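Data block below; observations after.
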Amino acid sequence: KGLKYLLGAYSQLKWRYPNIRLVVVGPGQPDEECTRLIDERDARDVVFAGNVSFEELSRYYHTADIFCAPNIGKESFGLILLEAMAAGTPIVATSIEGFSYVMHHGVEGLLAPPRDEEALAASLEILINDAALRQTMGAQGSQRAQEFHWPRVGAQVLEYYETLLQQRAKVPQLSPS
C-alpha cells in the first residue's frame, strides 16, 4: 500500500538526517521491489516490526514522532489515521479519499499526492524540522479523533435512524389494489 514510496522518501531524507529511523508496522514482508530499493539506496536500517498486538500498536503510535501512511488508494476510511491522531501523533499521509475525509491538510498533518516519493519526502521533512508544528498537529489530531469516538458516532447513527423512522411515519402509505 505505498511502501515503496515511503522507502524512497526515507532514503532521500536519511542522507540529510542520518539520525532518523523508519519503523514499519504491519503484517507481511517487503516485496521484491521494496527489497531492491532498500539495497540500492542503502536503507538497511529500516525496521520491519511485523504484525503486533493492539497494545504494542498503541505503543508504536505513542512513541512515533511522525506517523506516515503512504497508501495509494482504495481505502474506504482512515482508521489508521484516527488511531495515530488519538495518540497525538502528527501525520503525513496521501491525499486519497478515505484519508482526506478523516484529516485536513495543514491541521492534523500533511497530505501528499499518492505515488509521489518527492512530495512525501518534502512533507516528512517539514515535520522533521519543526517540533512545534508536530506538537500542534498532534494536539489537533487528538481533538479531531474525538469526533469519531464510538459513543458519539453511535448516537449520530441512532439519531439518523430515528429521523428516517419519523419521516416514514409521516408519508401516506399506499394501499394494495
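A note on labels: chains of the C-alpha cells are A, B, ... as shown, every chain counts residues from 1, and ligands are counted from 1 in their shown order.
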Interface rows for region 1-97 of chain A against region 114-118 of chain A: nearest pair, Å to one decimal, 12 Å, only C-alpha atoms, as JSON lines:
{"residue": "A:Lys1", "atom": "CA", "partner": "A:Arg115", "partner_atom": "CA", "distance": 9.8}
{"residue": "A:Gly2", "atom": "CA", "partner": "A:Arg115", "partner_atom": "CA", "distance": 6.9}
{"residue": "A:Leu3", "atom": "CA", "partner": "A:Arg115", "partner_atom": "CA", "distance": 9.7}
{"residue": "A:Lys4", "atom": "CA", "partner": "A:Glu117", "partner_atom": "CA", "distance": 8.5}
{"residue": "A:Tyr5", "atom": "CA", "partner": "A:Glu117", "partner_atom": "CA", "distance": 4.9}
{"residue": "A:Leu6", "atom": "CA", "partner": "A:Glu117", "partner_atom": "CA", "distance": 6.7}
{"residue": "A:Leu7", "atom": "CA", "partner": "A:Glu117", "partner_atom": "CA", "distance": 8.4}
{"residue": "A:Gly8", "atom": "CA", "partner": "A:Glu117", "partner_atom": "CA", "distance": 6.0}
{"residue": "A:Ala9", "atom": "CA", "partner": "A:Glu117", "partner_atom": "CA", "distance": 5.2}
{"residue": "A:Tyr10", "atom": "CA", "partner": "A:Glu117", "partner_atom": "CA", "distance": 8.9}
{"residue": "A:Ser11", "atom": "CA", "partner": "A:Glu117", "partner_atom": "CA", "distance": 10.1}
{"residue": "A:Gln12", "atom": "CA", "partner": "A:Glu118", "partner_atom": "CA", "distance": 8.6}
{"residue": "A:Leu13", "atom": "CA", "partner": "A:Glu118", "partner_atom": "CA", "distance": 10.2}
{"residue": "A:Ala69", "atom": "CA", "partner": "A:Pro114", "partner_atom": "CA", "distance": 10.0}
{"residue": "A:Pro70", "atom": "CA", "partner": "A:Pro114", "partner_atom": "CA", "distance": 6.9}
{"residue": "A:Asn71", "atom": "CA", "partner": "A:Pro114", "partner_atom": "CA", "distance": 6.8}
{"residue": "A:Ile72", "atom": "CA", "partner": "A:Pro114", "partner_atom": "CA", "distance": 5.1}
{"residue": "A:Gly73", "atom": "CA", "partner": "A:Pro114", "partner_atom": "CA", "distance": 7.5}
{"residue": "A:Lys74", "atom": "CA", "partner": "A:Pro114", "partner_atom": "CA", "distance": 11.3}
{"residue": "A:Val92", "atom": "CA", "partner": "A:Pro114", "partner_atom": "CA", "distance": 11.3}
{"residue": "A:Ala93", "atom": "CA", "partner": "A:Pro114", "partner_atom": "CA", "distance": 8.5}
{"residue": "A:Thr94", "atom": "CA", "partner": "A:Pro114", "partner_atom": "CA", "distance": 5.1}
{"residue": "A:Ser95", "atom": "CA", "partner": "A:Pro114", "partner_atom": "CA", "distance": 6.4}
{"residue": "A:Ile96", "atom": "CA", "partner": "A:Pro114", "partner_atom": "CA", "distance": 7.0}
{"residue": "A:Glu97", "atom": "CA", "partner": "A:Pro114", "partner_atom": "CA", "distance": 10.7}
File dump, residues just selected, N, CA and C atoms, as a CSV table (one decimal), in the first residue's frame:
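Final file, result27.csv:
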chain,number,residue,atom,x,y,z
A,1,LYS,N,0.8,-1.2,0.0
A,1,LYS,CA,0.0,0.0,0.0
A,1,LYS,C,0.9,1.3,0.0
A,2,GLY,N,1.8,1.3,-0.9
A,2,GLY,CA,2.6,2.5,-1.0
A,2,GLY,C,4.0,2.4,-0.3
A,3,LEU,N,4.3,1.3,0.2
A,3,LEU,CA,5.6,1.2,1.0
A,3,LEU,C,6.8,1.6,0.2
A,4,LYS,N,6.8,1.3,-1.1
A,4,LYS,CA,8.0,1.6,-1.9
A,4,LYS,C,8.2,3.1,-2.0
A,5,TYR,N,7.1,3.9,-2.0
A,5,TYR,CA,7.2,5.4,-2.0
A,5,TYR,C,7.7,5.9,-0.7
A,6,LEU,N,7.3,5.3,0.4
A,6,LEU,CA,7.8,5.7,1.7
A,6,LEU,C,9.3,5.3,1.8
A,7,LEU,N,9.7,4.2,1.3
A,7,LEU,CA,11.1,3.8,1.4
A,7,LEU,C,11.9,4.7,0.5
A,8,GLY,N,11.4,5.1,-0.6
A,8,GLY,CA,12.1,6.1,-1.4
A,8,GLY,C,12.3,7.4,-0.8
A,9,ALA,N,11.2,7.9,-0.1
A,9,ALA,CA,11.3,9.2,0.6
A,9,ALA,C,12.2,9.1,1.8
A,10,TYR,N,12.2,8.0,2.5
A,10,TYR,CA,13.1,7.8,3.6
A,10,TYR,C,14.5,7.8,3.2
A,11,SER,N,14.8,7.1,2.1
A,11,SER,CA,16.2,7.0,1.6
A,11,SER,C,16.7,8.4,1.2
A,12,GLN,N,15.9,9.3,0.7
A,12,GLN,CA,16.3,10.7,0.4
A,12,GLN,C,16.6,11.4,1.7
A,13,LEU,N,15.7,11.3,2.7
A,13,LEU,CA,15.8,12.0,3.9
A,13,LEU,C,17.0,11.6,4.8
A,69,ALA,N,1.4,7.4,6.4
A,69,ALA,CA,0.6,6.4,5.7
A,69,ALA,C,0.6,6.7,4.2
A,70,PRO,N,1.5,6.0,3.4
A,70,PRO,CA,1.7,6.3,2.0
A,70,PRO,C,0.8,5.6,1.1
A,71,ASN,N,-0.4,5.2,1.6
A,71,ASN,CA,-1.3,4.4,0.8
A,71,ASN,C,-1.6,5.0,-0.6
A,72,ILE,N,-1.9,4.1,-1.5
A,72,ILE,CA,-2.0,4.6,-2.9
A,72,ILE,C,-3.5,4.6,-3.3
A,73,GLY,N,-4.4,4.2,-2.5
A,73,GLY,CA,-5.8,4.3,-2.9
A,73,GLY,C,-6.6,3.2,-2.4
A,74,LYS,N,-7.9,3.2,-2.6
A,74,LYS,CA,-8.9,2.2,-2.3
A,74,LYS,C,-9.0,2.0,-0.8
A,92,VAL,N,1.7,12.3,8.2
A,92,VAL,CA,1.9,12.6,6.8
A,92,VAL,C,1.2,11.4,6.1
A,93,ALA,N,0.3,11.7,5.2
A,93,ALA,CA,-0.5,10.7,4.5
A,93,ALA,C,-0.7,11.1,3.1
A,94,THR,N,-1.2,10.2,2.3
A,94,THR,CA,-1.5,10.5,0.9
A,94,THR,C,-2.9,11.1,0.9
A,95,SER,N,-3.2,11.9,-0.1
A,95,SER,CA,-4.5,12.6,-0.2
A,95,SER,C,-5.4,11.7,-1.0
A,96,ILE,N,-5.7,10.6,-0.4
A,96,ILE,CA,-6.7,9.7,-1.0
A,96,ILE,C,-8.0,10.0,-0.3
A,97,GLU,N,-9.1,9.6,-0.9
A,97,GLU,CA,-10.5,9.9,-0.4
A,97,GLU,C,-10.7,9.6,1.0
Task: Residues of region 9-145 of chain A in strand (DSSP E), written as a PyMOL selection string - done: chain A and resi 23-25+47-50+67-69+91-94+109-112
Open item on the list: Could you go through region 28-163 of chain A and tell me which residues DSSP, when run on the backbone, assigns to alpha helix (DSSP H), listing them as a PyMOL selection string?
Closed with: chain A and resi 32-40+54-63+79-86+97-102+117-128+131-146+150-163
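A straight line drawn from CA of Pro27 (chain A) to CA of Ala64 (chain A) is 18.5 Å long.
The shortest atom-to-atom distance to Arg134 (chain A), with only C-alpha atoms taken into account, belongs to A:Leu110 out of A:Val52, A:Leu79, A:Leu57, A:Leu110.
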Open item on the list: So that I can see what lies close to Lys14 (chain A), please list as a ChimeraX atom specification the residues with an atom at most 12 Å from it, counting only C-alpha atoms and leaving out residues fewer than 2 positions away in the same chain.
Closed with: /A:6-12,16-22,38,41-46,121,124-125,128
Create the file for the chosen residues now, containing N, CA, C and O atoms and written as an mmCIF file, in the first residue's frame.
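Saved the output as selection32.cif:
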data_model
loop_
_atom_site.group_PDB
_atom_site.id
_atom_site.type_symbol
_atom_site.label_atom_id
_atom_site.label_comp_id
_atom_site.auth_asym_id
_atom_site.auth_seq_id
_atom_site.Cartn_x
_atom_site.Cartn_y
_atom_site.Cartn_z
ATOM 1 N N LEU A 6 7.320 5.281 0.422
ATOM 2 C CA LEU A 6 7.849 5.671 1.722
ATOM 3 C C LEU A 6 9.328 5.315 1.833
ATOM 4 O O LEU A 6 10.124 6.112 2.335
ATOM 5 N N LEU A 7 9.697 4.151 1.348
ATOM 6 C CA LEU A 7 11.107 3.759 1.370
ATOM 7 C C LEU A 7 11.948 4.719 0.527
ATOM 8 O O LEU A 7 13.049 5.106 0.918
ATOM 9 N N GLY A 8 11.416 5.139 -0.604
ATOM 10 C CA GLY A 8 12.122 6.105 -1.444
ATOM 11 C C GLY A 8 12.280 7.439 -0.753
ATOM 12 O O GLY A 8 13.364 8.041 -0.767
ATOM 13 N N ALA A 9 11.203 7.908 -0.129
ATOM 14 C CA ALA A 9 11.258 9.182 0.596
ATOM 15 C C ALA A 9 12.241 9.092 1.761
ATOM 16 O O ALA A 9 13.056 10.000 1.983
ATOM 17 N N TYR A 10 12.174 7.986 2.494
ATOM 18 C CA TYR A 10 13.072 7.787 3.638
ATOM 19 C C TYR A 10 14.534 7.782 3.190
ATOM 20 O O TYR A 10 15.384 8.408 3.826
ATOM 21 N N SER A 11 14.818 7.109 2.093
ATOM 22 C CA SER A 11 16.209 7.032 1.642
ATOM 23 C C SER A 11 16.734 8.415 1.234
ATOM 24 O O SER A 11 17.914 8.708 1.425
ATOM 25 N N GLN A 12 15.875 9.273 0.721
ATOM 26 C CA GLN A 12 16.280 10.652 0.408
ATOM 27 C C GLN A 12 16.603 11.415 1.689
ATOM 28 O O GLN A 12 17.607 12.110 1.776
ATOM 29 N N ARG A 16 20.221 13.508 4.599
ATOM 30 C CA ARG A 16 20.234 14.819 5.259
ATOM 31 C C ARG A 16 20.031 14.713 6.768
ATOM 32 O O ARG A 16 20.439 15.597 7.513
ATOM 33 N N TYR A 17 19.365 13.662 7.191
ATOM 34 C CA TYR A 17 19.040 13.472 8.611
ATOM 35 C C TYR A 17 19.456 12.051 9.014
ATOM 36 O O TYR A 17 18.612 11.155 9.131
ATOM 37 N N PRO A 18 20.720 11.824 9.232
ATOM 38 C CA PRO A 18 21.194 10.453 9.473
ATOM 39 C C PRO A 18 20.637 9.809 10.745
ATOM 40 O O PRO A 18 20.694 8.583 10.882
ATOM 41 N N ASN A 19 20.074 10.586 11.647
ATOM 42 C CA ASN A 19 19.552 10.016 12.893
ATOM 43 C C ASN A 19 18.079 9.623 12.829
ATOM 44 O O ASN A 19 17.525 9.168 13.829
ATOM 45 N N ILE A 20 17.432 9.818 11.679
ATOM 46 C CA ILE A 20 16.030 9.395 11.594
ATOM 47 C C ILE A 20 15.963 7.882 11.480
ATOM 48 O O ILE A 20 16.935 7.222 11.111
ATOM 49 N N ARG A 21 14.798 7.353 11.813
ATOM 50 C CA ARG A 21 14.600 5.911 11.768
ATOM 51 C C ARG A 21 13.199 5.628 11.257
ATOM 52 O O ARG A 21 12.247 6.314 11.621
ATOM 53 N N LEU A 22 13.083 4.641 10.417
ATOM 54 C CA LEU A 22 11.786 4.222 9.880
ATOM 55 C C LEU A 22 11.440 2.858 10.457
ATOM 56 O O LEU A 22 12.202 1.901 10.320
ATOM 57 N N ILE A 38 15.622 -0.989 -0.884
ATOM 58 C CA ILE A 38 16.381 -0.948 0.367
ATOM 59 C C ILE A 38 17.863 -1.179 0.088
ATOM 60 O O ILE A 38 18.719 -0.454 0.596
ATOM 61 N N ARG A 41 19.425 1.756 -2.266
ATOM 62 C CA ARG A 41 19.504 3.080 -1.632
ATOM 63 C C ARG A 41 20.112 3.030 -0.237
ATOM 64 O O ARG A 41 20.034 3.994 0.510
ATOM 65 N N ASP A 42 20.658 1.893 0.097
ATOM 66 C CA ASP A 42 21.339 1.715 1.380
ATOM 67 C C ASP A 42 20.450 2.129 2.563
ATOM 68 O O ASP A 42 20.847 2.903 3.433
ATOM 69 N N ALA A 43 19.245 1.612 2.564
ATOM 70 C CA ALA A 43 18.289 1.896 3.644
ATOM 71 C C ALA A 43 18.084 0.645 4.489
ATOM 72 O O ALA A 43 16.974 0.327 4.897
ATOM 73 N N ARG A 44 19.176 -0.042 4.783
ATOM 74 C CA ARG A 44 19.091 -1.311 5.506
ATOM 75 C C ARG A 44 18.726 -1.148 6.980
ATOM 76 O O ARG A 44 18.499 -2.126 7.667
ATOM 77 N N ASP A 45 18.678 0.089 7.462
ATOM 78 C CA ASP A 45 18.324 0.305 8.866
ATOM 79 C C ASP A 45 16.816 0.383 9.099
ATOM 80 O O ASP A 45 16.368 0.593 10.224
ATOM 81 N N VAL A 46 16.012 0.195 8.053
ATOM 82 C CA VAL A 46 14.553 0.167 8.225
ATOM 83 C C VAL A 46 14.198 -1.035 9.084
ATOM 84 O O VAL A 46 14.700 -2.141 8.870
ATOM 85 N N ALA A 121 8.505 12.928 0.756
ATOM 86 C CA ALA A 121 9.748 13.334 1.422
ATOM 87 C C ALA A 121 9.672 14.795 1.867
ATOM 88 O O ALA A 121 10.076 15.131 2.993
ATOM 89 N N LEU A 124 7.365 15.041 4.937
ATOM 90 C CA LEU A 124 8.053 14.499 6.111
ATOM 91 C C LEU A 124 9.124 15.470 6.599
ATOM 92 O O LEU A 124 9.275 15.689 7.802
ATOM 93 N N GLU A 125 9.850 16.075 5.667
ATOM 94 C CA GLU A 125 10.923 16.991 6.041
ATOM 95 C C GLU A 125 10.391 18.220 6.775
ATOM 96 O O GLU A 125 11.012 18.704 7.725
ATOM 97 N N ILE A 128 9.876 16.959 10.233
ATOM 98 C CA ILE A 128 11.158 16.639 10.875
ATOM 99 C C ILE A 128 11.789 17.913 11.418
ATOM 100 O O ILE A 128 12.339 17.930 12.521
#
Task: Nearest to Val107 (chain A) by atom-to-atom distance, counting only C-alpha atoms, from A:Met85, A:Ala49, A:Leu174, A:Val23 - done: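 That would be A:Met85, the residue with the smallest distance to Val107 (chain A).
Summary of the local environment: counting only C-alpha atoms, residues at most 10 Å from Gly28 (chain A), other than itself and those fewer than 5 positions away along its chain, are Phe48, Ala49, Gly50 and Asn51 of chain A.
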Expected file: the selected residues, all heavy atoms, as a tab-separated table (two decimals), in the first residue's frame:
chain	number	residue	atom	x	y	z
A	48	PHE	N	11.39	-3.63	10.28
A	48	PHE	CA	10.09	-4.22	9.97
A	48	PHE	C	9.62	-4.95	11.21
A	48	PHE	O	10.10	-6.04	11.53
A	48	PHE	CB	10.20	-5.15	8.76
A	48	PHE	CG	10.41	-4.40	7.47
A	48	PHE	CD1	11.68	-4.16	7.00
A	48	PHE	CD2	9.31	-3.92	6.76
A	48	PHE	CE1	11.88	-3.46	5.82
A	48	PHE	CE2	9.51	-3.21	5.58
A	48	PHE	CZ	10.78	-2.98	5.11
A	49	ALA	N	8.70	-4.33	11.94
A	49	ALA	CA	8.22	-4.89	13.21
A	49	ALA	C	7.25	-6.04	13.00
A	49	ALA	O	7.04	-6.84	13.92
A	49	ALA	CB	7.57	-3.79	14.05
A	50	GLY	N	6.63	-6.11	11.83
A	50	GLY	CA	5.66	-7.16	11.57
A	50	GLY	C	4.32	-6.87	12.22
A	50	GLY	O	4.04	-5.75	12.65
A	51	ASN	N	3.52	-7.90	12.30
A	51	ASN	CA	2.21	-7.79	12.93
A	51	ASN	C	2.39	-7.72	14.44
A	51	ASN	O	3.13	-8.52	15.00
A	51	ASN	CB	1.35	-8.99	12.53
A	51	ASN	CG	-0.12	-8.69	12.60
A	51	ASN	OD1	-0.53	-7.54	12.65
A	51	ASN	ND2	-0.93	-9.73	12.60
Open item on the list: Taking only C-alpha atoms into account, name the residue in A:Val25, A:Cys34, A:Val102, A:Leu120 that is nearest to Glu147 (chain A).
Closed with: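 Closest to Glu147 (chain A), using only C-alpha atoms: A:Val102.
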Open item on the list: Just the number, please: distance in Å from CA of Gly109 (chain A) to CA of Asp130 (chain A), one decimal.
Closed with: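 Computing the Euclidean distance for CA of Gly109 (chain A) and CA of Asp130 (chain A) yields 12.1 Å.
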- [ ] Tell me, in Å to one decimal, how far CA of Ile126 (chain A) is from CA of Gln140 (chain A).
- [x]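 The value is 17.0 Å.
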